[in-house]
file start.cif (mmCIF, C-alpha atoms and all ligand atoms)
data_model
#
loop_
_atom_site.group_PDB
_atom_site.id
_atom_site.type_symbol
_atom_site.label_atom_id
_atom_site.label_comp_id
_atom_site.auth_asym_id
_atom_site.auth_seq_id
_atom_site.Cartn_x
_atom_site.Cartn_y
_atom_site.Cartn_z
ATOM 1 C CA MET A 260 40.082 19.271 -0.253
ATOM 2 C CA PRO A 261 42.472 20.692 2.396
ATOM 3 C CA ASP A 262 40.701 21.817 5.575
ATOM 4 C CA HIS A 263 41.494 25.588 5.708
ATOM 5 C CA SER A 264 39.756 26.003 9.057
ATOM 6 C CA ARG A 265 42.704 24.175 10.725
ATOM 7 C CA PRO A 266 46.114 25.884 11.095
ATOM 8 C CA ALA A 267 48.675 24.373 8.723
ATOM 9 C CA ARG A 268 51.715 25.193 10.847
ATOM 10 C CA ALA A 269 53.638 22.514 12.745
ATOM 11 C CA VAL A 270 54.715 23.129 16.338
ATOM 12 C CA LEU A 271 57.157 21.296 18.600
ATOM 13 C CA GLY A 272 55.650 18.986 21.191
ATOM 14 C CA GLN A 273 57.136 17.161 24.221
ATOM 15 C CA ASN A 274 60.827 16.466 23.837
ATOM 16 C CA GLN A 275 63.639 15.022 25.894
ATOM 17 C CA TYR A 276 67.162 13.864 25.248
ATOM 18 C CA GLY A 277 70.089 12.176 26.919
ATOM 19 C CA LYS A 278 72.313 9.104 26.757
ATOM 20 C CA ALA A 279 70.525 5.781 27.087
ATOM 21 C CA GLU A 280 71.916 2.548 28.530
ATOM 22 C CA ASN A 281 75.218 3.592 30.056
ATOM 23 C CA ARG A 282 76.593 0.331 31.391
ATOM 24 C CA VAL A 283 78.594 1.038 34.505
ATOM 25 C CA VAL A 284 80.241 -1.467 36.814
ATOM 26 C CA ARG A 285 81.604 -0.079 40.069
ATOM 27 C CA ILE A 286 83.965 -2.166 42.177
ATOM 28 C CA THR A 287 84.456 -1.176 45.800
ATOM 29 C CA ARG A 288 87.591 -2.687 47.288
ATOM 30 C CA ASP A 289 87.358 -3.451 50.965
ATOM 31 C CA GLY A 290 90.811 -4.995 51.398
ATOM 32 C CA ALA A 291 90.696 -8.343 49.644
ATOM 33 C CA THR A 292 86.887 -8.338 49.705
ATOM 34 C CA HIS A 293 85.369 -6.661 46.693
ATOM 35 C CA HIS A 294 81.787 -5.453 46.140
ATOM 36 C CA ILE A 295 80.080 -4.993 42.763
ATOM 37 C CA LYS A 296 77.364 -2.649 41.563
ATOM 38 C CA ASP A 297 76.375 -3.353 37.963
ATOM 39 C CA LEU A 298 73.975 -0.834 36.424
ATOM 40 C CA ASN A 299 72.466 0.191 33.121
ATOM 41 C CA VAL A 300 71.747 3.920 33.463
ATOM 42 C CA SER A 301 69.623 5.984 31.061
ATOM 43 C CA VAL A 302 69.597 9.762 31.325
ATOM 44 C CA SER A 303 66.759 11.824 29.870
ATOM 45 C CA LEU A 304 66.699 15.624 30.180
ATOM 46 C CA SER A 305 64.201 18.289 29.207
ATOM 47 C CA GLY A 306 63.890 22.047 29.485
ATOM 48 C CA ASP A 307 64.517 25.024 27.202
ATOM 49 C CA MET A 308 65.228 22.974 24.122
ATOM 50 C CA ASP A 309 63.058 24.742 21.542
ATOM 51 C CA ASP A 310 66.009 26.363 19.768
ATOM 52 C CA VAL A 311 67.940 23.201 19.049
ATOM 53 C CA HIS A 312 64.875 21.752 17.356
ATOM 54 C CA LEU A 313 63.660 24.930 15.644
ATOM 55 C CA SER A 314 66.850 26.732 14.586
ATOM 56 C CA GLY A 315 69.634 24.284 15.272
ATOM 57 C CA SER A 316 71.271 26.441 17.945
ATOM 58 C CA ASN A 317 73.017 24.157 20.417
ATOM 59 C CA ALA A 318 73.550 26.916 22.969
ATOM 60 C CA ASN A 319 71.363 25.168 25.595
ATOM 61 C CA VAL A 320 72.455 21.627 24.811
ATOM 62 C CA LEU A 321 74.617 19.759 27.264
ATOM 63 C CA PRO A 322 75.901 17.000 24.946
ATOM 64 C CA THR A 323 74.576 13.495 25.542
ATOM 65 C CA ASP A 324 78.240 12.495 25.538
ATOM 66 C CA THR A 325 78.714 14.685 28.616
ATOM 67 C CA THR A 326 75.758 13.041 30.358
ATOM 68 C CA LYS A 327 77.450 9.684 29.727
ATOM 69 C CA ASN A 328 80.741 10.946 31.152
ATOM 70 C CA THR A 329 78.914 12.285 34.205
ATOM 71 C CA VAL A 330 77.522 8.818 34.962
ATOM 72 C CA TYR A 331 81.041 7.345 35.054
ATOM 73 C CA ALA A 332 82.576 10.268 36.953
ATOM 74 C CA PHE A 333 79.816 10.103 39.590
ATOM 75 C CA ALA A 334 80.357 6.345 39.969
ATOM 76 C CA LYS A 335 83.917 7.190 40.990
ATOM 77 C CA GLU A 336 83.240 10.344 43.025
ATOM 78 C CA HIS A 337 80.076 9.355 44.883
ATOM 79 C CA GLY A 338 80.154 5.578 44.643
ATOM 80 C CA ILE A 339 76.917 3.635 44.128
ATOM 81 C CA ALA A 340 75.251 3.036 47.490
ATOM 82 C CA SER A 341 71.996 2.112 45.720
ATOM 83 C CA ALA A 342 70.523 2.622 42.270
ATOM 84 C CA GLU A 343 68.051 5.109 43.756
ATOM 85 C CA GLN A 344 70.714 7.144 45.554
ATOM 86 C CA PHE A 345 72.899 7.219 42.436
ATOM 87 C CA GLY A 346 69.948 8.355 40.312
ATOM 88 C CA ILE A 347 69.119 11.103 42.812
ATOM 89 C CA HIS A 348 72.714 12.420 42.662
ATOM 90 C CA LEU A 349 72.626 12.494 38.865
ATOM 91 C CA ALA A 350 69.176 14.081 38.552
ATOM 92 C CA ARG A 351 70.046 16.777 41.083
ATOM 93 C CA HIS A 352 73.297 17.537 39.281
ATOM 94 C CA PHE A 353 71.746 18.005 35.832
ATOM 95 C CA VAL A 354 68.839 20.157 37.040
ATOM 96 C CA THR A 355 70.834 22.361 39.413
ATOM 97 C CA SER A 356 73.986 22.855 37.315
ATOM 98 C CA GLN A 357 72.366 23.678 33.950
ATOM 99 C CA PRO A 358 69.932 26.616 33.832
ATOM 100 C CA ALA A 359 68.300 25.327 30.625
ATOM 101 C CA ILE A 360 67.567 21.885 32.062
ATOM 102 C CA HIS A 361 64.384 21.856 34.121
ATOM 103 C CA ARG A 362 63.692 18.183 34.484
ATOM 104 C CA ALA A 363 65.757 15.016 34.672
ATOM 105 C CA ARG A 364 64.624 11.434 34.490
ATOM 106 C CA ILE A 365 67.146 8.737 35.378
ATOM 107 C CA ARG A 366 66.190 5.131 34.661
ATOM 108 C CA ILE A 367 68.324 2.347 36.046
ATOM 109 C CA GLU A 368 68.396 -1.410 35.652
ATOM 110 C CA GLU A 369 70.533 -3.257 38.165
ATOM 111 C CA TYR A 370 71.971 -6.742 37.708
ATOM 112 C CA SER A 371 73.002 -8.571 40.836
ATOM 113 C CA TRP A 372 76.011 -10.776 41.406
ATOM 114 C CA GLU A 373 76.540 -13.482 43.972
ATOM 115 C CA ARG A 374 79.847 -14.539 45.443
ATOM 116 C CA VAL A 375 81.488 -17.759 44.309
ATOM 117 C CA ALA A 376 82.721 -19.613 47.362
ATOM 118 C CA HIS A 377 86.246 -20.830 46.713
ATOM 119 C CA GLY A 378 89.426 -21.735 48.504
ATOM 120 C CA ASN A 379 91.568 -18.811 47.351
ATOM 121 C CA GLU A 380 92.297 -15.937 49.623
ATOM 122 C CA GLY A 381 90.038 -12.932 49.169
ATOM 123 C CA ALA A 382 86.519 -12.600 47.877
ATOM 124 C CA HIS A 383 86.619 -11.388 44.321
ATOM 125 C CA SER A 384 84.815 -14.027 42.258
ATOM 126 C CA PHE A 385 81.177 -13.606 41.326
ATOM 127 C CA VAL A 386 78.460 -15.348 39.360
ATOM 128 C CA ARG A 387 75.641 -13.328 37.868
ATOM 129 C CA LYS A 388 72.334 -14.004 39.616
ATOM 130 C CA GLY A 389 69.777 -15.269 37.151
ATOM 131 C CA GLN A 390 66.756 -14.027 39.064
ATOM 132 C CA GLU A 391 65.067 -10.652 38.667
ATOM 133 C CA THR A 392 66.368 -7.386 37.274
ATOM 134 C CA ARG A 393 66.021 -4.537 39.748
ATOM 135 C CA LEU A 394 64.674 -1.240 38.429
ATOM 136 C CA ALA A 395 64.629 2.373 39.553
ATOM 137 C CA GLN A 396 63.323 5.572 38.003
ATOM 138 C CA ILE A 397 64.129 8.965 39.499
ATOM 139 C CA MET A 398 62.452 12.159 38.323
ATOM 140 C CA TYR A 399 63.342 15.644 39.526
ATOM 141 C CA ASP A 400 62.037 19.006 38.366
ATOM 142 C CA GLY A 401 64.020 21.235 40.710
ATOM 143 C CA SER A 402 61.494 21.036 43.541
ATOM 144 C CA ALA A 403 59.772 17.645 43.740
ATOM 145 C CA TRP A 404 61.171 14.151 43.486
ATOM 146 C CA GLU A 405 59.437 11.027 42.266
ATOM 147 C CA VAL A 406 61.196 7.763 42.995
ATOM 148 C CA VAL A 407 59.737 4.553 41.572
ATOM 149 C CA SER A 408 61.532 1.283 42.194
ATOM 150 C CA GLY A 409 60.674 -2.102 40.822
ATOM 151 C CA LEU A 410 61.692 -5.404 39.366
ATOM 152 C CA LYS A 411 61.062 -7.507 36.281
ATOM 153 C CA ASP A 412 61.566 -11.132 35.215
ATOM 154 C CA LEU A 413 60.956 -12.611 38.664
ATOM 155 C CA THR A 414 59.471 -15.999 37.748
ATOM 156 C CA VAL A 415 57.435 -17.766 40.420
ATOM 157 C CA MET A 416 55.258 -20.872 40.558
ATOM 158 C CA ASN A 417 52.804 -22.498 42.970
ATOM 159 C CA SER A 418 52.319 -26.179 42.172
ATOM 160 C CA THR A 419 49.028 -26.257 44.102
ATOM 161 C CA ASP A 420 46.674 -23.992 46.120
ATOM 162 C CA SER A 421 45.353 -22.432 42.932
ATOM 163 C CA GLU A 422 41.870 -22.803 41.430
ATOM 164 C CA PHE A 423 39.954 -21.054 38.672
ATOM 165 C CA TRP A 424 36.235 -21.677 38.270
ATOM 166 C CA GLY A 425 32.855 -19.945 38.431
ATOM 167 C CA TYR A 426 33.708 -17.644 35.522
ATOM 168 C CA VAL A 427 31.393 -16.384 32.772
ATOM 169 C CA LYS A 428 30.672 -18.946 30.081
ATOM 170 C CA ASP A 429 29.431 -18.041 26.612
ATOM 171 C CA LYS A 430 29.247 -20.032 23.386
ATOM 172 C CA TYR A 431 33.012 -19.628 22.844
ATOM 173 C CA THR A 432 34.063 -20.848 26.293
ATOM 174 C CA THR A 433 35.909 -24.158 26.338
ATOM 175 C CA LEU A 434 38.169 -23.741 29.400
ATOM 176 C CA PRO A 435 37.536 -26.523 31.932
ATOM 177 C CA GLU A 436 37.091 -25.367 35.511
ATOM 178 C CA ALA A 437 40.217 -26.018 37.574
ATOM 179 C CA HIS A 438 40.161 -26.970 41.247
ATOM 180 C CA ASP A 439 43.874 -27.667 41.540
ATOM 181 C CA ARG A 440 46.089 -26.008 38.971
ATOM 182 C CA ILE A 441 49.597 -24.631 38.618
ATOM 183 C CA LEU A 442 49.848 -20.859 39.061
ATOM 184 C CA ALA A 443 52.957 -19.344 37.513
ATOM 185 C CA THR A 444 53.899 -15.832 36.518
ATOM 186 C CA GLU A 445 56.838 -13.590 35.719
ATOM 187 C CA VAL A 446 56.424 -10.646 38.048
ATOM 188 C CA SER A 447 56.914 -7.151 36.710
ATOM 189 C CA ALA A 448 56.226 -4.613 39.459
ATOM 190 C CA ARG A 449 56.857 -0.931 40.182
ATOM 191 C CA TRP A 450 56.333 0.820 43.486
ATOM 192 C CA ARG A 451 56.294 4.538 44.148
ATOM 193 C CA PHE A 452 57.859 6.048 47.247
ATOM 194 C CA ASN A 453 56.151 8.896 49.076
ATOM 195 C CA TRP A 454 59.528 10.599 49.589
ATOM 196 C CA THR A 455 59.227 13.736 47.446
ATOM 197 C CA ASP A 456 61.419 16.434 48.929
ATOM 198 C CA ASP A 457 64.930 17.018 50.211
ATOM 199 C CA ALA A 458 63.693 18.227 53.566
ATOM 200 C CA ARG A 459 62.543 14.727 54.529
ATOM 201 C CA GLU A 460 64.745 11.830 55.492
ATOM 202 C CA MET A 461 65.243 9.379 52.650
ATOM 203 C CA PRO A 462 64.168 5.755 52.922
ATOM 204 C CA ASP A 463 66.882 3.103 53.166
ATOM 205 C CA TRP A 464 66.632 2.159 49.492
ATOM 206 C CA GLU A 465 68.558 -1.123 49.747
ATOM 207 C CA ALA A 466 66.675 -2.412 52.801
ATOM 208 C CA SER A 467 63.336 -1.348 51.345
ATOM 209 C CA TYR A 468 63.988 -3.257 48.103
ATOM 210 C CA GLY A 469 64.801 -6.475 49.942
ATOM 211 C CA GLN A 470 61.705 -6.166 52.136
ATOM 212 C CA VAL A 471 59.345 -5.426 49.247
ATOM 213 C CA LYS A 472 60.646 -8.421 47.318
ATOM 214 C CA GLN A 473 60.106 -10.672 50.346
ATOM 215 C CA HIS A 474 56.549 -9.365 50.915
ATOM 216 C CA LEU A 475 55.706 -9.912 47.304
ATOM 217 C CA LEU A 476 57.099 -13.466 47.296
ATOM 218 C CA ARG A 477 55.478 -14.414 50.593
ATOM 219 C CA ALA A 478 52.092 -13.091 49.492
ATOM 220 C CA PHE A 479 52.391 -15.130 46.278
ATOM 221 C CA ALA A 480 53.298 -18.260 48.229
ATOM 222 C CA GLU A 481 50.769 -17.858 51.044
ATOM 223 C CA THR A 482 47.671 -16.783 49.115
ATOM 224 C CA TYR A 483 45.269 -19.638 48.366
ATOM 225 C CA SER A 484 44.418 -18.390 44.904
ATOM 226 C CA LEU A 485 41.044 -18.334 43.178
ATOM 227 C CA SER A 486 42.514 -16.224 40.357
ATOM 228 C CA LEU A 487 45.773 -14.516 39.460
ATOM 229 C CA GLN A 488 43.876 -11.234 39.963
ATOM 230 C CA GLN A 489 43.253 -12.147 43.612
ATOM 231 C CA THR A 490 46.908 -13.120 44.117
ATOM 232 C CA LEU A 491 48.060 -9.849 42.537
ATOM 233 C CA TYR A 492 45.888 -7.843 44.909
ATOM 234 C CA GLN A 493 47.215 -9.709 47.947
ATOM 235 C CA MET A 494 50.792 -9.026 46.821
ATOM 236 C CA GLY A 495 50.011 -5.313 46.624
ATOM 237 C CA VAL A 496 48.159 -5.217 49.944
ATOM 238 C CA ARG A 497 51.058 -6.909 51.691
ATOM 239 C CA ILE A 498 53.485 -4.255 50.411
ATOM 240 C CA ILE A 499 51.223 -1.290 51.261
ATOM 241 C CA ASP A 500 50.506 -2.728 54.730
ATOM 242 C CA HIS A 501 54.175 -3.310 55.593
ATOM 243 C CA ALA A 502 56.068 -0.540 53.795
ATOM 244 C CA ASP A 503 55.109 2.922 55.093
ATOM 245 C CA GLU A 504 57.460 4.496 52.566
ATOM 246 C CA ILE A 505 55.397 3.253 49.594
ATOM 247 C CA ASP A 506 52.022 4.631 48.403
ATOM 248 C CA GLU A 507 51.414 2.784 45.142
ATOM 249 C CA VAL A 508 52.300 -0.542 43.522
ATOM 250 C CA ARG A 509 51.628 -1.511 39.925
ATOM 251 C CA PHE A 510 51.835 -5.096 38.670
ATOM 252 C CA SER A 511 51.935 -6.655 35.243
ATOM 253 C CA LEU A 512 51.573 -10.418 35.596
ATOM 254 C CA PRO A 513 51.539 -12.775 32.617
ATOM 255 C CA ASN A 514 49.658 -15.960 33.468
ATOM 256 C CA LYS A 515 52.174 -18.600 32.435
ATOM 257 C CA HIS A 516 49.688 -21.339 31.593
ATOM 258 C CA HIS A 517 50.477 -24.955 32.387
ATOM 259 C CA PHE A 518 48.079 -27.282 30.597
ATOM 260 C CA LEU A 519 47.497 -30.842 31.770
ATOM 261 C CA VAL A 520 48.558 -33.191 28.977
ATOM 262 C CA ASP A 521 46.014 -35.760 27.821
ATOM 263 C CA LEU A 522 47.814 -39.077 28.321
ATOM 264 C CA ALA A 523 44.707 -41.236 27.724
ATOM 265 C CA PRO A 524 45.782 -42.094 24.133
ATOM 266 C CA PHE A 525 48.769 -43.887 25.699
ATOM 267 C CA GLY A 526 46.611 -45.674 28.259
ATOM 268 C CA LEU A 527 48.035 -43.449 31.032
ATOM 269 C CA LYS A 528 46.231 -41.440 33.691
ATOM 270 C CA ASN A 529 47.420 -37.898 34.361
ATOM 271 C CA ASP A 530 46.984 -37.225 38.083
ATOM 272 C CA ASN A 531 48.017 -33.560 37.894
ATOM 273 C CA GLU A 532 51.587 -34.606 37.200
ATOM 274 C CA VAL A 533 52.461 -33.874 33.568
ATOM 275 C CA TYR A 534 51.921 -30.388 32.096
ATOM 276 C CA LEU A 535 52.652 -28.564 28.898
ATOM 277 C CA ALA A 536 54.217 -25.199 29.744
ATOM 278 C CA ALA A 537 52.818 -22.872 27.070
ATOM 279 C CA ASP A 538 54.731 -19.688 26.294
ATOM 280 C CA ARG A 539 52.000 -17.930 24.282
ATOM 281 C CA PRO A 540 49.390 -16.720 24.213
ATOM 282 C CA TYR A 541 49.293 -15.824 27.879
ATOM 283 C CA GLY A 542 46.713 -14.150 30.063
ATOM 284 C CA LEU A 543 47.959 -10.725 31.131
ATOM 285 C CA ILE A 544 46.713 -9.479 34.484
ATOM 286 C CA GLU A 545 47.576 -5.881 35.413
ATOM 287 C CA ALA A 546 46.466 -3.673 38.294
ATOM 288 C CA THR A 547 47.512 -0.947 40.705
ATOM 289 C CA VAL A 548 47.177 -1.241 44.479
ATOM 290 C CA LEU A 549 47.170 2.105 46.280
ATOM 291 C CA ARG A 550 47.346 3.420 49.794
ATOM 292 C CA ASP A 551 43.815 4.686 50.464
ATOM 293 C CA GLY A 552 43.532 8.360 49.533
ATOM 294 C CA CYS A 553 46.691 8.408 47.385
ATOM 295 C CA GLU A 554 46.787 9.300 43.724
ATOM 296 C CA ALA A 555 47.845 6.754 41.087
ATOM 297 C CA LYS A 556 50.886 8.053 39.201
ATOM 298 C CA ILE A 557 52.594 4.966 37.795
ATOM 299 C CA PRO A 558 51.618 4.592 34.118
ATOM 300 C CA ALA A 559 49.281 1.692 33.293
ATOM 301 C CA ASP A 560 51.657 0.354 30.645
ATOM 302 C CA LEU A 561 54.808 -0.780 32.422
ATOM 303 C CA THR A 562 56.631 -1.553 29.184
ATOM 304 C CA ASN A 563 57.218 2.210 29.019
ATOM 305 C CA LEU A 564 58.783 2.417 32.456
HETATM 306 O O1 LIG A 601 43.684 -16.496 37.155
HETATM 307 C C1 LIG A 601 43.098 -16.409 36.076
HETATM 308 N N1 LIG A 601 42.428 -15.271 35.761
HETATM 309 C C2 LIG A 601 41.734 -15.130 34.593
HETATM 310 O O2 LIG A 601 41.106 -14.075 34.335
HETATM 311 C C3 LIG A 601 41.759 -16.221 33.699
HETATM 312 N N2 LIG A 601 41.221 -16.417 32.450
HETATM 313 C C4 LIG A 601 41.600 -17.658 32.066
HETATM 314 O O3 LIG A 601 41.288 -18.182 30.943
HETATM 315 N N3 LIG A 601 42.354 -18.264 33.012
HETATM 316 C C5 LIG A 601 42.474 -17.384 34.052
HETATM 317 N N4 LIG A 601 43.123 -17.462 35.238
#
call {"tool": "encode", "arguments": {"input": "start.cif", "output": "structure tokens"}}
result
Amino acid sequence: MPDHSRPARAVLGQNQYGKAENRVVRITRDGATHHIKDLNVSVSLSGDMDDVHLSGSNANVLPTDTTKNTVYAFAKEHGIASAEQFGIHLARHFVTSQPAIHRARIRIEEYSWERVAHGNEGAHSFVRKGQETRLAQIMYDGSAWEVVSGLKDLTVMNSTDSEFWGYVKDKYTTLPEAHDRILATEVSARWRFNWTDDAREMPDWEASYGQVKQHLLRAFAETYSLSLQQTLYQMGVRIIDHADEIDEVRFSLPNKHHFLVDLAPFGLKNDNEVYLAADRPYGLIEATVLRDGCEAKIPADLTNL
């Protein structure tokens, strides 16, 4: 039986549109020395877009093709000083130039390149760095900014100074307590800046990124770990303590398990030397570390950011 007490009509919910994954490489030529910025830029706009969904009128629609073109034109006109700065330029442009667009979200992945040292004159040869991917998300609604930076795929390992014991044991527990284990993870992190309005001086986005990455790595290396949870918290504390421009850090840390291999069947003793690096399943440890008194705004599920 249909439920006649509930309205049958459908209504439009949240919507956004734009061009995703615009790959833009900007070369800056400083004489014979060249510099590279290599970005993947996704534009997402929202505003007065009821008509295009409800009646098909495109009167308020700036084509996604135009948003793509804008990314490339801005790379030429404004250059790319940092992913964050580039995203701010784009978000401001879409919201202030189009009356129907009230909110812009620019997501950027940045791939870094390292110079190849060689004998030729000039510096124009690069090798892609295999380490992390840098991330930035800029949101603007015409008055307030939200800038979240981050990184993913930063794989780190401690070959000692990690233990895990004293945990709950029930009838399904088989894990042996570890007093000297490998601790490895692939860091995915996002941090939110407290810069929210044009009236305030912007952080130095490039310097801030380098410092946050160093704090995170040093905290990982220097924490004598009793759990990945404890290490995560120390990484967050270190960033909040040292970076005044940041109010919130969110981590998603897969525990990349390394299991000691039983070599006894071969008459060999394994003195914490030979491990099986398992790829799945993995423990997944996730948490936010906040500046005291600040509100958490980074979504819990980082796969959506
Ligand atoms: O650092 C860890 N935290 C856990 O919660 C956990 N659970 C587990 O089986 N191994 C580990 N390691």
call {"tool": "resolve_selection", "arguments": {"input": "start.cif", "expression": "the PyMOL selection byres (((chain A and resi 319-336) around 6) and not hetatm)", "output": "list in words"}}
result
Gly277, Lys278, Asn317, Ala318, His337, Gly338 and Ala359 of chain A
call {"tool": "residues_near_ligand", "arguments": {"input": "start.cif", "ligand": "ligand LIG 601 (chain A)", "cutoff": "10 Å", "atoms": "only C-alpha atoms and all ligand atoms", "output": "NGL selection string"}}
result
:A and (421-424 or 426-427 or 432-437 or 440 or 442-443 or 484-491 or 513-516 or 541-544)
call {"tool": "residues_around", "arguments": {"input": "start.cif", "residues": "Ile339 of chain A", "least_positions_apart": "5", "cutoff": "8 Å", "atoms": "only C-alpha atoms", "output": "CSV table (one decimal) with C-alpha atoms, keeping the file's coordinate frame"}}
result
chain,number,residue,atom,x,y,z
A,285,ARG,CA,81.6,-0.1,40.1
A,296,LYS,CA,77.4,-2.6,41.6
A,334,ALA,CA,80.4,6.3,40.0
A,344,GLN,CA,70.7,7.1,45.6
A,345,PHE,CA,72.9,7.2,42.4
call {"tool": "resolve_selection", "arguments": {"input": "start.cif", "expression": "the PyMOL selection byres (((chain A and resi 503) around 12) and not hetatm)", "output": "list of chain:residue names"}}
result
A:Trp450, A:Arg451, A:Phe452, A:Asn453, A:Trp454, A:Pro462, A:Asp463, A:Ser467, A:Gln470, A:Val471, A:Val496, A:Arg497, A:Ile498, A:Ile499, A:Asp500, A:His501, A:Ala502, A:Glu504, A:Ile505, A:Asp506, A:Glu507, A:Leu549, A:Arg550
call {"tool": "residues_around", "arguments": {"input": "start.cif", "residues": "Thr547 of chain A", "least_positions_apart": "3", "cutoff": "10 Å", "atoms": "all atoms listed in the file", "output": "PyMOL selection string"}}
result
chain A and resi 448-450+491-492+495+507-511+555-559
call {"tool": "write_last_selection", "arguments": {"input": "start.cif", "atoms": "C-alpha atoms", "output": "PDB file, keeping the file's coordinate frame"}}
result
ATOM      1  CA  ALA A 448      56.226  -4.613  39.459  1.00  0.00           C
ATOM      2  CA  ARG A 449      56.857  -0.931  40.182  1.00  0.00           C
ATOM      3  CA  TRP A 450      56.333   0.820  43.486  1.00  0.00           C
ATOM      4  CA  LEU A 491      48.060  -9.849  42.537  1.00  0.00           C
ATOM      5  CA  TYR A 492      45.888  -7.843  44.909  1.00  0.00           C
ATOM      6  CA  GLY A 495      50.011  -5.313  46.624  1.00  0.00           C
ATOM      7  CA  GLU A 507      51.414   2.784  45.142  1.00  0.00           C
ATOM      8  CA  VAL A 508      52.300  -0.542  43.522  1.00  0.00           C
ATOM      9  CA  ARG A 509      51.628  -1.511  39.925  1.00  0.00           C
ATOM     10  CA  PHE A 510      51.835  -5.096  38.670  1.00  0.00           C
ATOM     11  CA  SER A 511      51.935  -6.655  35.243  1.00  0.00           C
ATOM     12  CA  ALA A 555      47.845   6.754  41.087  1.00  0.00           C
ATOM     13  CA  LYS A 556      50.886   8.053  39.201  1.00  0.00           C
ATOM     14  CA  ILE A 557      52.594   4.966  37.795  1.00  0.00           C
ATOM     15  CA  PRO A 558      51.618   4.592  34.118  1.00  0.00           C
ATOM     16  CA  ALA A 559      49.281   1.692  33.293  1.00  0.00           C
TER      17      ALA A 559
END
call {"tool": "atom_distance", "arguments": {"input": "start.cif", "atom1": "atom CA of Arg362 of chain A", "atom2": "atom CA of Glu554 of chain A"}}
result
21.2 Å
call {"tool": "build_atoms", "arguments": {"input": "start.cif", "residues": "segment 454-466 of chain A", "atoms": "N, CA and C atoms", "output": "short mmCIF file (atom, residue, chain, number, x, y, z; two decimals), in the coordinates of the input"}}
result
data_model
loop_
_atom_site.label_atom_id
_atom_site.label_comp_id
_atom_site.auth_asym_id
_atom_site.auth_seq_id
_atom_site.Cartn_x
_atom_site.Cartn_y
_atom_site.Cartn_z
N TRP A 454 58.47 9.61 49.37
CA TRP A 454 59.53 10.60 49.59
C TRP A 454 59.55 11.53 48.38
N THR A 455 59.30 12.82 48.59
CA THR A 455 59.23 13.74 47.45
C THR A 455 60.08 14.98 47.62
N ASP A 456 60.62 15.20 48.82
CA ASP A 456 61.42 16.43 48.93
C ASP A 456 62.61 16.27 49.85
N ASP A 457 63.64 17.10 49.54
CA ASP A 457 64.93 17.02 50.21
C ASP A 457 64.86 17.25 51.72
N ALA A 458 63.79 17.90 52.14
CA ALA A 458 63.69 18.23 53.57
C ALA A 458 63.41 16.98 54.41
N ARG A 459 62.89 15.94 53.77
CA ARG A 459 62.54 14.73 54.53
C ARG A 459 63.64 13.68 54.44
N GLU A 460 63.74 12.88 55.48
CA GLU A 460 64.74 11.83 55.49
C GLU A 460 64.42 10.79 54.41
N MET A 461 65.46 10.37 53.71
CA MET A 461 65.24 9.38 52.65
C MET A 461 65.03 7.99 53.23
N PRO A 462 64.25 7.16 52.52
CA PRO A 462 64.17 5.76 52.92
C PRO A 462 65.53 5.07 52.76
N ASP A 463 65.70 3.95 53.41
CA ASP A 463 66.88 3.10 53.17
C ASP A 463 66.56 2.27 51.91
N TRP A 464 67.05 2.74 50.78
CA TRP A 464 66.63 2.16 49.49
C TRP A 464 66.96 0.67 49.41
N GLU A 465 68.15 0.28 49.87
CA GLU A 465 68.56 -1.12 49.75
C GLU A 465 67.68 -2.02 50.62
N ALA A 466 67.48 -1.59 51.88
CA ALA A 466 66.68 -2.41 52.80
C ALA A 466 65.24 -2.50 52.29
#
